[in-house]
Structure formats: C-alpha cells, structure tokens
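S.K.: This one is upload-v1.pdb, PDB, C-alpha atoms (C1' of nucleotides).
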```pdb
ATOM      1  CA  MET X 248      11.142  51.183-128.864
ATOM      2  CA  PRO X 249      11.153  49.225-125.717
ATOM      3  CA  GLU X 250      11.543  51.470-122.699
ATOM      4  CA  LEU X 251      10.611  50.498-119.156
ATOM      5  CA  PRO X 252       6.812  50.155-119.689
ATOM      6  CA  GLU X 253       7.249  47.981-122.761
ATOM      7  CA  VAL X 254       9.888  45.774-121.118
ATOM      8  CA  GLU X 255       7.784  45.524-117.947
ATOM      9  CA  THR X 256       4.809  44.442-120.073
ATOM     10  CA  LEU X 257       6.865  41.725-121.760
ATOM     11  CA  CYS X 258       8.279  40.586-118.419
ATOM     12  CA  ARG X 259       4.871  40.136-116.835
ATOM     13  CA  GLN X 260       3.691  38.177-119.856
ATOM     14  CA  LEU X 261       6.867  36.058-119.882
ATOM     15  CA  VAL X 262       6.428  35.233-116.201
ATOM     16  CA  LYS X 263       2.957  33.848-116.866
ATOM     17  CA  THR X 264       3.906  32.042-120.050
ATOM     18  CA  ILE X 265       7.335  30.436-119.653
ATOM     19  CA  THR X 266       8.054  30.129-115.927
ATOM     20  CA  GLY X 267       8.613  26.438-115.212
ATOM     21  CA  GLN X 268       8.863  25.593-118.903
ATOM     22  CA  THR X 269      11.736  23.481-120.198
ATOM     23  CA  LEU X 270      13.859  24.889-123.020
ATOM     24  CA  LEU X 271      13.818  22.160-125.656
ATOM     25  CA  ASP X 272      15.667  23.816-128.530
ATOM     26  CA  ILE X 273      17.640  26.939-129.429
ATOM     27  CA  LEU X 274      17.975  28.290-132.950
ATOM     28  CA  VAL X 275      20.312  31.269-133.501
ATOM     29  CA  LEU X 276      19.662  33.008-136.828
ATOM     30  CA  ASP X 277      22.013  35.992-136.493
ATOM     31  CA  SER X 278      25.797  35.615-136.425
ATOM     32  CA  LYS X 279      26.052  38.639-134.088
ATOM     33  CA  LEU X 280      24.381  36.657-131.297
ATOM     34  CA  PRO X 281      26.369  34.285-129.057
ATOM     35  CA  GLU X 282      25.992  30.514-128.947
ATOM     36  CA  ILE X 283      23.871  29.524-125.968
ATOM     37  CA  THR X 284      23.377  25.824-126.644
ATOM     38  CA  GLU X 285      24.323  24.865-123.072
ATOM     39  CA  LEU X 286      20.911  26.150-121.949
ATOM     40  CA  THR X 287      19.159  23.357-123.806
ATOM     41  CA  GLY X 288      17.180  21.141-121.432
ATOM     42  CA  ARG X 289      17.160  23.728-118.624
ATOM     43  CA  ARG X 290      13.962  24.881-116.942
ATOM     44  CA  VAL X 291      13.048  28.578-116.523
ATOM     45  CA  SER X 292      13.022  29.329-112.808
ATOM     46  CA  ARG X 293      12.581  33.100-112.857
ATOM     47  CA  VAL X 294      11.935  36.082-115.150
ATOM     48  CA  GLU X 295      12.679  39.625-114.016
ATOM     49  CA  ARG X 296      13.412  43.117-115.292
ATOM     50  CA  ARG X 297      16.497  45.224-114.566
ATOM     51  CA  GLY X 298      15.963  48.618-116.136
ATOM     52  CA  LYS X 299      15.358  47.822-119.806
ATOM     53  CA  LYS X 300      16.960  44.371-119.542
ATOM     54  CA  ILE X 301      15.088  41.101-119.143
ATOM     55  CA  LEU X 302      16.800  38.414-117.060
ATOM     56  CA  LEU X 303      15.840  34.782-117.643
ATOM     57  CA  SER X 304      17.123  32.524-114.858
ATOM     58  CA  PHE X 305      17.368  28.766-115.333
ATOM     59  CA  ASP X 306      17.221  25.924-112.827
ATOM     60  CA  ASP X 307      20.986  25.292-112.979
ATOM     61  CA  GLY X 308      21.824  28.904-112.080
ATOM     62  CA  GLN X 309      22.563  30.178-115.574
ATOM     63  CA  ILE X 310      21.114  33.586-116.452
ATOM     64  CA  LEU X 311      20.359  35.022-119.861
ATOM     65  CA  ALA X 312      20.188  38.839-120.117
ATOM     66  CA  VAL X 313      18.169  40.173-123.051
ATOM     67  CA  HIS X 314      18.263  43.788-124.223
ATOM     68  CA  LEU X 315      15.891  44.752-127.030
ATOM     69  CA  ARG X 316      17.521  48.127-127.807
ATOM     70  CA  MET X 317      15.552  50.113-130.411
ATOM     71  CA  THR X 318      13.474  47.708-132.456
ATOM     72  CA  GLY X 319      13.679  44.376-130.648
ATOM     73  CA  ARG X 320      10.493  42.419-129.953
ATOM     74  CA  LEU X 321       9.550  39.111-128.366
ATOM     75  CA  LEU X 322       6.649  37.093-129.728
ATOM     76  CA  TRP X 323       5.027  33.953-128.328
ATOM     77  CA  GLN X 324       3.440  31.280-130.517
ATOM     78  CA  GLU X 325       1.869  28.069-129.333
ATOM     79  CA  GLU X 326       1.088  26.648-132.751
ATOM     80  CA  VAL X 327       3.863  26.123-135.273
ATOM     81  CA  LYS X 328       3.407  28.791-137.938
ATOM     82  CA  GLU X 329       5.672  30.591-140.366
ATOM     83  CA  ILE X 330       8.764  32.255-138.871
ATOM     84  CA  PRO X 331       8.159  36.023-138.626
ATOM     85  CA  GLN X 332      10.338  38.340-140.706
ATOM     86  CA  TYR X 333      13.544  39.553-138.960
ATOM     87  CA  THR X 334      13.562  36.671-136.460
ATOM     88  CA  ARG X 335      17.093  36.471-134.951
ATOM     89  CA  LEU X 336      16.606  33.753-132.353
ATOM     90  CA  ILE X 337      14.002  31.101-131.563
ATOM     91  CA  LEU X 338      13.624  29.441-128.164
ATOM     92  CA  THR X 339      11.397  26.387-128.221
ATOM     93  CA  PHE X 340       9.739  25.554-124.896
ATOM     94  CA  THR X 341       7.420  22.737-123.918
ATOM     95  CA  ALA X 342       4.292  24.764-124.624
ATOM     96  CA  GLY X 343       5.403  26.975-127.509
ATOM     97  CA  ARG X 344       8.086  29.125-129.103
ATOM     98  CA  VAL X 345       9.552  32.558-128.327
ATOM     99  CA  PHE X 346      10.690  34.561-131.364
ATOM    100  CA  PHE X 347      13.313  37.275-130.861
ATOM    101  CA  ILE X 348      12.577  39.720-133.695
ATOM    102  CA  ASP X 349      14.720  42.734-134.590
ATOM    103  CA  PRO X 350      15.017  44.376-138.036
ATOM    104  CA  ARG X 351      18.000  46.530-137.008
ATOM    105  CA  ARG X 352      19.939  43.718-135.334
ATOM    106  CA  PHE X 353      20.769  45.846-132.252
ATOM    107  CA  LEU X 354      19.212  43.317-129.880
ATOM    108  CA  THR X 355      21.719  41.707-127.516
ATOM    109  CA  ILE X 356      21.663  38.590-125.403
ATOM    110  CA  GLN X 357      24.391  37.610-122.998
ATOM    111  CA  LYS X 358      25.035  35.120-120.282
ATOM    112  CA  GLU X 359      25.353  36.637-116.840
ATOM    113  CA  ARG X 360      26.773  35.223-113.636
ATOM    114  CA  ASP X 361      24.271  36.344-111.063
ATOM    115  CA  SER X 362      21.429  38.817-110.984
ATOM    116  CA  SER X 363      22.845  40.722-108.008
ATOM    117  CA  SER X 364      25.869  41.960-109.962
ATOM    118  CA  TYR X 365      23.760  44.717-111.481
ATOM    119  CA  HIS X 366      25.141  48.233-111.165
ATOM    120  CA  GLY X 367      22.545  50.322-112.986
ATOM    121  CA  GLY X 368      20.557  53.182-111.542
ATOM    122  CA  VAL X 369      17.448  52.987-109.348
ATOM    123  CA  ASP X 370      14.208  51.562-110.653
ATOM    124  CA  PRO X 371      11.782  54.471-111.152
ATOM    125  CA  LEU X 372       8.800  52.367-110.064
ATOM    126  CA  GLN X 373      10.503  51.415-106.788
ATOM    127  CA  ASN X 374      13.129  53.592-105.124
ATOM    128  CA  LEU X 375      12.983  56.976-106.833
ATOM    129  CA  THR X 376      13.074  59.943-104.434
ATOM    130  CA  PRO X 377      13.447  63.709-105.043
ATOM    131  CA  GLU X 378      16.444  63.697-102.684
ATOM    132  CA  TYR X 379      18.226  61.074-104.792
ATOM    133  CA  LEU X 380      17.555  63.024-108.000
ATOM    134  CA  ALA X 381      18.768  66.287-106.477
ATOM    135  CA  ALA X 382      21.938  64.668-105.174
ATOM    136  CA  ARG X 383      22.799  63.034-108.492
ATOM    137  CA  GLY X 384      21.697  66.016-110.604
ATOM    138  CA  ARG X 385      23.473  68.770-108.656
ATOM    139  CA  PRO X 386      26.944  68.327-110.236
ATOM    140  CA  ARG X 387      25.644  68.025-113.798
ATOM    141  CA  LYS X 388      25.740  70.878-116.247
ATOM    142  CA  GLY X 389      24.068  68.930-119.044
ATOM    143  CA  SER X 390      20.336  69.102-119.735
ATOM    144  CA  VAL X 391      17.845  67.584-117.319
ATOM    145  CA  LYS X 392      16.586  65.504-120.220
ATOM    146  CA  SER X 393      19.901  63.753-120.851
ATOM    147  CA  PHE X 394      20.161  63.310-117.074
ATOM    148  CA  LEU X 395      16.848  61.394-117.066
ATOM    149  CA  LEU X 396      18.121  59.273-119.963
ATOM    150  CA  ASP X 397      21.279  58.268-118.053
ATOM    151  CA  GLN X 398      20.707  54.605-117.181
ATOM    152  CA  SER X 399      23.290  54.705-114.400
ATOM    153  CA  VAL X 400      21.093  57.250-112.579
ATOM    154  CA  ILE X 401      17.604  55.917-113.343
ATOM    155  CA  ALA X 402      17.215  52.590-115.133
ATOM    156  CA  GLY X 403      14.453  52.429-117.702
ATOM    157  CA  ILE X 404      13.563  55.874-119.044
ATOM    158  CA  GLY X 405      13.974  56.330-122.813
ATOM    159  CA  ASN X 406      13.329  59.124-125.265
ATOM    160  CA  ILE X 407       9.527  58.937-125.431
ATOM    161  CA  TYR X 408       8.987  58.912-121.674
ATOM    162  CA  ALA X 409      11.710  61.501-120.952
ATOM    163  CA  CYS X 410       9.765  63.929-123.159
ATOM    164  CA  GLU X 411       6.425  63.004-121.599
ATOM    165  CA  ILE X 412       7.704  63.123-117.996
ATOM    166  CA  LEU X 413       9.206  66.602-118.438
ATOM    167  CA  HIS X 414       6.001  67.871-120.016
ATOM    168  CA  HIS X 415       3.969  66.371-117.176
ATOM    169  CA  ALA X 416       6.301  68.079-114.674
ATOM    170  CA  GLY X 417       6.225  71.385-116.594
ATOM    171  CA  ILE X 418      10.005  71.606-116.996
ATOM    172  CA  ASP X 419      12.064  72.702-120.006
ATOM    173  CA  PRO X 420      14.070  69.662-121.197
ATOM    174  CA  ALA X 421      17.063  71.865-122.057
ATOM    175  CA  ARG X 422      17.398  73.245-118.520
ATOM    176  CA  PRO X 423      20.735  72.185-116.966
ATOM    177  CA  ALA X 424      20.246  69.527-114.277
ATOM    178  CA  CYS X 425      22.271  71.626-111.812
ATOM    179  CA  ARG X 426      19.699  74.429-112.088
ATOM    180  CA  ILE X 427      16.660  72.308-111.163
ATOM    181  CA  THR X 428      15.181  73.376-107.792
ATOM    182  CA  ASP X 429      14.165  70.992-105.006
ATOM    183  CA  ALA X 430      10.502  71.700-105.750
ATOM    184  CA  GLN X 431      11.115  70.762-109.397
ATOM    185  CA  TRP X 432      12.920  67.519-108.467
ATOM    186  CA  HIS X 433       9.873  66.735-106.420
ATOM    187  CA  ARG X 434       7.634  67.220-109.438
ATOM    188  CA  ILE X 435       9.971  65.190-111.667
ATOM    189  CA  ALA X 436       9.925  62.246-109.230
ATOM    190  CA  LEU X 437       6.117  62.325-109.062
ATOM    191  CA  SER X 438       5.676  62.752-112.831
ATOM    192  CA  THR X 439       8.074  59.882-113.519
ATOM    193  CA  LYS X 440       6.019  57.478-111.410
ATOM    194  CA  GLU X 441       2.762  58.841-112.774
ATOM    195  CA  VAL X 442       3.686  58.654-116.473
ATOM    196  CA  LEU X 443       5.502  55.297-116.317
ATOM    197  CA  GLY X 444       2.801  53.744-114.141
ATOM    198  CA  ARG X 445       0.104  54.852-116.544
ATOM    199  CA  ALA X 446       2.136  53.579-119.543
ATOM    200  CA  VAL X 447       2.561  50.169-117.906
ATOM    201  CA  ALA X 448      -1.210  50.033-117.362
ATOM    202  CA  CYS X 449      -1.578  50.773-121.099
ATOM    203  CA  ARG X 450       0.870  47.968-121.986
ATOM    204  CA  GLY X 451       3.270  50.458-123.557
ATOM    205  CA  THR X 452       3.331  52.873-126.476
ATOM    206  CA  THR X 453       2.923  51.671-130.063
ATOM    207  CA  VAL X 454       4.339  54.508-132.194
ATOM    208  CA  SER X 455       5.312  52.333-135.128
ATOM    209  CA  ASP X 456       5.858  48.648-134.654
ATOM    210  CA  TRP X 457       5.888  47.833-130.931
ATOM    211  CA  ARG X 458       3.790  44.775-130.017
ATOM    212  CA  ASP X 459       3.565  42.847-126.764
ATOM    213  CA  PHE X 460       4.367  39.147-126.232
ATOM    214  CA  HIS X 461       1.068  38.138-127.810
ATOM    215  CA  GLY X 462       1.325  40.513-130.772
ATOM    216  CA  ARG X 463      -1.023  43.179-129.404
ATOM    217  CA  LYS X 464      -0.454  46.933-129.602
ATOM    218  CA  GLY X 465      -0.120  49.069-126.481
ATOM    219  CA  SER X 466      -2.393  52.068-125.992
ATOM    220  CA  PHE X 467      -0.296  54.803-124.364
ATOM    221  CA  GLN X 468       0.221  56.415-127.807
ATOM    222  CA  HIS X 469      -3.301  57.826-127.352
ATOM    223  CA  GLU X 470      -2.160  59.620-124.198
ATOM    224  CA  LEU X 471       1.033  61.217-125.512
ATOM    225  CA  ARG X 472       1.059  64.982-124.861
ATOM    226  CA  VAL X 473       4.184  66.084-126.751
ATOM    227  CA  TYR X 474       6.135  63.161-128.234
ATOM    228  CA  ARG X 475       5.965  63.344-132.056
ATOM    229  CA  ARG X 476       3.370  66.109-131.791
ATOM    230  CA  ALA X 477       5.409  69.048-133.127
ATOM    231  CA  GLY X 478       3.131  71.668-134.656
ATOM    232  CA  LEU X 479       0.057  70.530-132.704
ATOM    233  CA  PRO X 480      -1.394  72.448-129.763
ATOM    234  CA  CYS X 481      -0.310  71.544-126.223
ATOM    235  CA  PRO X 482      -3.231  69.807-124.469
ATOM    236  CA  ARG X 483      -2.489  71.782-121.295
ATOM    237  CA  CYS X 484      -1.913  75.370-122.463
ATOM    238  CA  GLY X 485      -2.698  75.437-126.190
ATOM    239  CA  LYS X 486       0.703  76.709-127.344
ATOM    240  CA  ILE X 487       2.260  74.889-130.301
ATOM    241  CA  VAL X 488       4.488  71.924-129.399
ATOM    242  CA  ALA X 489       8.075  72.352-130.629
ATOM    243  CA  ARG X 490      10.854  69.926-131.538
ATOM    244  CA  CYS X 491      14.569  70.421-130.954
ATOM    245  CA  LEU X 492      17.690  68.288-130.648
ATOM    246  CA  ILE X 493      19.119  67.518-127.208
ATOM    247  CA  ALA X 494      22.196  65.299-126.996
ATOM    248  CA  GLY X 495      21.428  64.175-130.534
ATOM    249  CA  ARG X 496      17.903  62.970-129.741
ATOM    250  CA  GLY X 497      14.670  64.398-131.105
ATOM    251  CA  THR X 498      13.065  66.262-128.204
ATOM    252  CA  TYR X 499       9.462  67.436-128.018
ATOM    253  CA  PHE X 500       8.264  70.080-125.570
ATOM    254  CA  CYS X 501       5.774  72.882-125.076
ATOM    255  CA  PRO X 502       7.412  76.329-125.012
ATOM    256  CA  GLY X 503       4.319  77.643-123.196
ATOM    257  CA  CYS X 504       4.154  75.518-120.068
ATOM    258  CA  GLN X 505       7.621  73.932-119.766
ATOM    259  CA  VAL X 506       9.926  76.441-118.086
TER     260      VAL X 506
ATOM    261  C1'  DC J 139      33.946  62.303-113.778
ATOM    262  C1'  DG J 140      31.197  64.470-117.484
ATOM    263  C1'  DA J 141      29.604  65.592-122.107
ATOM    264  C1'  DA J 142      29.456  65.498-127.217
ATOM    265  C1'  DC J 143      29.636  62.662-131.160
ATOM    266  C1'  DG J 144      30.096  58.799-134.280
ATOM    267  C1'  DA J 145      29.223  53.871-134.713
ATOM    268  C1'  DC J 146      26.336  49.997-134.760
ATOM    269  C1'  DC J 147      22.080  48.310-138.436
ATOM    270  C1'  DT J 148      17.957  48.529-141.452
ATOM    271  C1'  DG J 149      13.514  50.390-142.578
ATOM    272  C1'  DT J 150      10.452  54.321-143.284
ATOM    273  C1'  DT J 151       9.353  59.020-144.205
ATOM    274  C1'  DC J 152      10.316  63.525-146.092
ATOM    275  C1'  DG J 153      11.830  67.027-149.407
ATOM    276  C1'  DC J 154      13.214  68.314-153.926
TER     277       DC J 154
ATOM    278  C1'  DT O 130       7.631  58.893-159.764
ATOM    279  C1'  DG O 131      12.542  58.648-158.199
ATOM    280  C1'  DC O 132      16.248  59.293-155.242
ATOM    281  C1'  DG O 133      19.073  60.752-151.558
ATOM    282  C1'  DA O 134      18.839  62.665-146.935
ATOM    283  C1'  DA O 135      16.983  62.621-142.462
ATOM    284  C1'  DC O 136      15.146  60.132-138.869
ATOM    285  C1'  DA O 137      13.777  56.115-135.619
ATOM    286  C1'  DG O 138      12.281  53.113-129.240
ATOM    287  C1'  DG O 139      19.271  52.533-127.184
ATOM    288  C1'  DT O 140      23.705  51.923-125.791
ATOM    289  C1'  DC O 141      28.901  52.060-126.246
ATOM    290  C1'  DG O 142      33.584  53.559-127.271
ATOM    291  C1'  DT O 143      36.419  57.480-128.205
ATOM    292  C1'  DT O 144      37.847  62.054-127.566
ATOM    293  C1'  DC O 145      38.088  66.418-125.416
TER     294       DC O 145
END
```
How would this structure read if it were set down as structure tokens?

M.R.:
Amino acid sequence: MPELPEVETLCRQLVKTITGQTLLDILVLDSKLPEITELTGRRVSRVERRGKKILLSFDDGQILAVHLRMTGRLLWQEEVKEIPQYTRLILTFTAGRVFFIDPRRFLTIQKERDSSSYHGGVDPLQNLTPEYLAARGRPRKGSVKSFLLDQSVIAGIGNIYACEILHHAGIDPARPACRITDAQWHRIALSTKEVLGRAVACRGTTVSDWRDFHGRKGSFQHELRVYRRAGLPCPRCGKIVARCLIAGRGTYFCPGCQV
DNA sequence: CGAACGACCTGTTCGC
DNA sequence: TGCGAACAGGTCGTTC
C-alpha cells in the first residue's frame, strides 16, 4: 500500500510527533525483525523519507530504516489502549507509542550507517527532469510502466501511481520505454509531479486498509481515474477502462486515450 | 546490464 | 453455503 504519497504523509506526521522524543522502550513481536535494543534511551533527532523508506535518526548517530512494503502501517497512540491486531513492533516514546502493524509480515526495519549512503533513484518531487527520464529510458526495451516502477531510476512510484501517472500523461503502459518520445517524457515528468503532489495533498490513497499515523483514511481514492476501475468509463474519453498484466502486476489503462 | 518469474506472507474476494 | 483459486500497496534473488 504505501507508495511515496503515503510514506510522505507518515513522515510529515512523524516529524511533528516524535522529533525530540526519547525512546523509552522497544518491544519486538515478530521473530523476522532484528533486535534493536541498543536504541533504548536515545532521542529522535531527525525523520526523513528516502523513496518509500523512512529514516529515523537518533542523537547518537544511529539510524533506523523502515520499509512498510505492501501492508505495513504506523499508528500513534498517546493513551495506553489495547494492542492493535498484527502489531509487529512497539516503540514507546515519552509522549506515546508507535505501533508497527503489518498482517503480511513483509515490513522491514534495519540499522543503517549514514543517510548519505543511499543509492536509489531520484526523488520525483525534487529532481525529476524529462532529460533524465529520456537518458535512463532510452536503452530499455521493457514497458514504460515497469520503468517507472524501477526504484533505482525513480524512488517512490508504486503500482497505483504508475497506472494513474500514465493515464494522466495519455501513454500506453505497455509501450517500450525506448520508444517514448521526448515530448512524451516531458508529459510523464509533469504528470508524475502533478499526480504525486495531489496524492500527498490528499494524504494518500485508501483502497483497502491504508491509514495515516493517526488512523485516518486518505482521500486520493476519490480521484483515481483508472486504478481498479476496469469496466468503468474513462473520465476523460468515455471508453471502457481495461486491465492487463505487465511484469506480473495488475495494470489499469484506457485503450481510448492512452497511446 | 536487463528482464521475467518465483518467493516471501496472510487476508480478502471471486467463481463454480 | 463451501471451497479452492486468484489477487493485493513491494522488493529480492535466481535464471536466462
């Protein structure tokens, strides 16, 4: 679930909530997760996003990298209540507790040395240019959709937003990246910023169980044009939205206005 | 280097 | 109604 807009939403809420807070206790409830007891007593100095990862920096220089994968969530509680179902880790801070929730147990946390050792792709909200896309896309025979999903090219786009961006740009997701024209790369760069920016403003997309740090739904699901809308008319041209498989992922597109 | 595919997990939805 | 198959926001390792 969490793609860039959802992770960005969590990050902004984490910054406001736990920056400066001291980590009083750590409870690991899933044997797949590493022991991180040495963080006990440390103060959170910084929270930032790298693609879909969240980096928590502590006052002694240690960094915790969190990746929520498909179904991971973070939930903040100030009062002590019942532990939510599928909680895999609990961090207790001075002012409250952070629950790491994930039914599928894909969520990962790992200690990292320093935040500059990141080698992912560009951040689509910051440095994305048509020239960069064209240069990286030119040698690739695979579909433009799997190109947009490649985290070493652009960090943060997932399946929902890849579908929505390509619809916004009016481009067939199955088109090989090497056959995208400069004018189309231009549109893709603009649509990426447009769609992701709007989704961040909506605090993400709640298609099934996504919730933000305070348990609230996002609202971008009301603005989806093609994702999970197979059989419904395209809001732009009226043709029926289709679904196909690209690189093993369900892909939604409009055969009428995506060429 | 690039691309396709199975694996990792568990819950929900769909078709017969 | 019941049951198995298909599908779900994401990566990663293997193989070609």

S.K.: With the cut-off set at 10 Å and counting all atoms listed in the file, tabulate each residue of chain J with an atom at most that distance from an atom of chain X, showing the nearest atom pair and its distance in Å to one decimal, ordered by chain and increasing number, as a Markdown table.

M.R.:
```
| residue | atom | partner | partner_atom | distance |
| --- | --- | --- | --- | --- |
| J:DC139 | C1' | X:Pro386 | CA | 9.9 |
| J:DG140 | C1' | X:Arg387 | CA | 7.6 |
| J:DA141 | C1' | X:Gly389 | CA | 7.2 |
| J:DA142 | C1' | X:Ala494 | CA | 7.3 |
| J:DC143 | C1' | X:Gly495 | CA | 8.4 |
| J:DC146 | C1' | X:Phe353 | CA | 7.4 |
| J:DC147 | C1' | X:Arg351 | CA | 4.7 |
| J:DT148 | C1' | X:Arg351 | CA | 4.9 |
| J:DG149 | C1' | X:Pro350 | CA | 7.7 |
| J:DT150 | C1' | X:Ser455 | CA | 9.8 |
```

S.K.: Could the residues in this selection be saved with C-alpha atoms (C1' of nucleotides) as a PDB file, keeping the file's coordinate frame?

M.R.:
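Saved file part14.pdb follows:
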```pdb
ATOM      1  C1'  DC J 139      33.946  62.303-113.778  1.00  0.00           C
ATOM      2  C1'  DG J 140      31.197  64.470-117.484  1.00  0.00           C
ATOM      3  C1'  DA J 141      29.604  65.592-122.107  1.00  0.00           C
ATOM      4  C1'  DA J 142      29.456  65.498-127.217  1.00  0.00           C
ATOM      5  C1'  DC J 143      29.636  62.662-131.160  1.00  0.00           C
ATOM      6  C1'  DC J 146      26.336  49.997-134.760  1.00  0.00           C
ATOM      7  C1'  DC J 147      22.080  48.310-138.436  1.00  0.00           C
ATOM      8  C1'  DT J 148      17.957  48.529-141.452  1.00  0.00           C
ATOM      9  C1'  DG J 149      13.514  50.390-142.578  1.00  0.00           C
ATOM     10  C1'  DT J 150      10.452  54.321-143.284  1.00  0.00           C
TER      11       DT J 150
END
```

S.K.: Enter the distance from CA of Glu359 in chain X to CA of Met317 in chain X, in Å, rounded to one decimal.

M.R.: 21.5 Å

S.K.: Evaluate the PyMOL selection byres ((chain O and resi 132) around 12) here and jot the selected residues down as a PDB file with C-alpha atoms (C1' of nucleotides), keeping the file's coordinate frame.

M.R.:
```pdb
ATOM      1  C1'  DC J 152      10.316  63.525-146.092  1.00  0.00           C
ATOM      2  C1'  DG J 153      11.830  67.027-149.407  1.00  0.00           C
ATOM      3  C1'  DC J 154      13.214  68.314-153.926  1.00  0.00           C
TER       4       DC J 154
ATOM      5  C1'  DT O 130       7.631  58.893-159.764  1.00  0.00           C
ATOM      6  C1'  DG O 131      12.542  58.648-158.199  1.00  0.00           C
ATOM      7  C1'  DG O 133      19.073  60.752-151.558  1.00  0.00           C
ATOM      8  C1'  DA O 134      18.839  62.665-146.935  1.00  0.00           C
TER       9       DA O 134
END
```

S.K.: Determine the residue membership of the PyMOL selection byres ((chain O) within 10 of (chain X)) for the file above and supply it as a PyMOL selection string.

M.R.: chain O and resi 136-140

S.K.: I'd like to see the residues matched by the PyMOL selection byres ((chain X and resi 325-342) around 6) on this file, and ideally I'd get them as a VMD selection string.

M.R.: chain X and resid 268 to 277 324 343 to 350

S.K.: Which residues come within 9 Å of His415 in chain X, counting all atoms listed in the file, excluding same-chain residues fewer than 4 positions away, as a JSON list (two decimals) with C-alpha atoms, in the frame of the given file?

M.R.:
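Once written, selection_30.json looks like this:
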```json
[["chain", "number", "residue", "atom", "x", "y", "z"],
["X", 410, "CYS", "CA", 9.76, 63.93, -123.16],
["X", 411, "GLU", "CA", 6.42, 63.00, -121.60],
["X", 434, "ARG", "CA", 7.63, 67.22, -109.44],
["X", 435, "ILE", "CA", 9.97, 65.19, -111.67],
["X", 438, "SER", "CA", 5.68, 62.75, -112.83],
["X", 439, "THR", "CA", 8.07, 59.88, -113.52],
["X", 441, "GLU", "CA", 2.76, 58.84, -112.77],
["X", 442, "VAL", "CA", 3.69, 58.65, -116.47],
["X", 472, "ARG", "CA", 1.06, 64.98, -124.86],
["X", 505, "GLN", "CA", 7.62, 73.93, -119.77]]
```
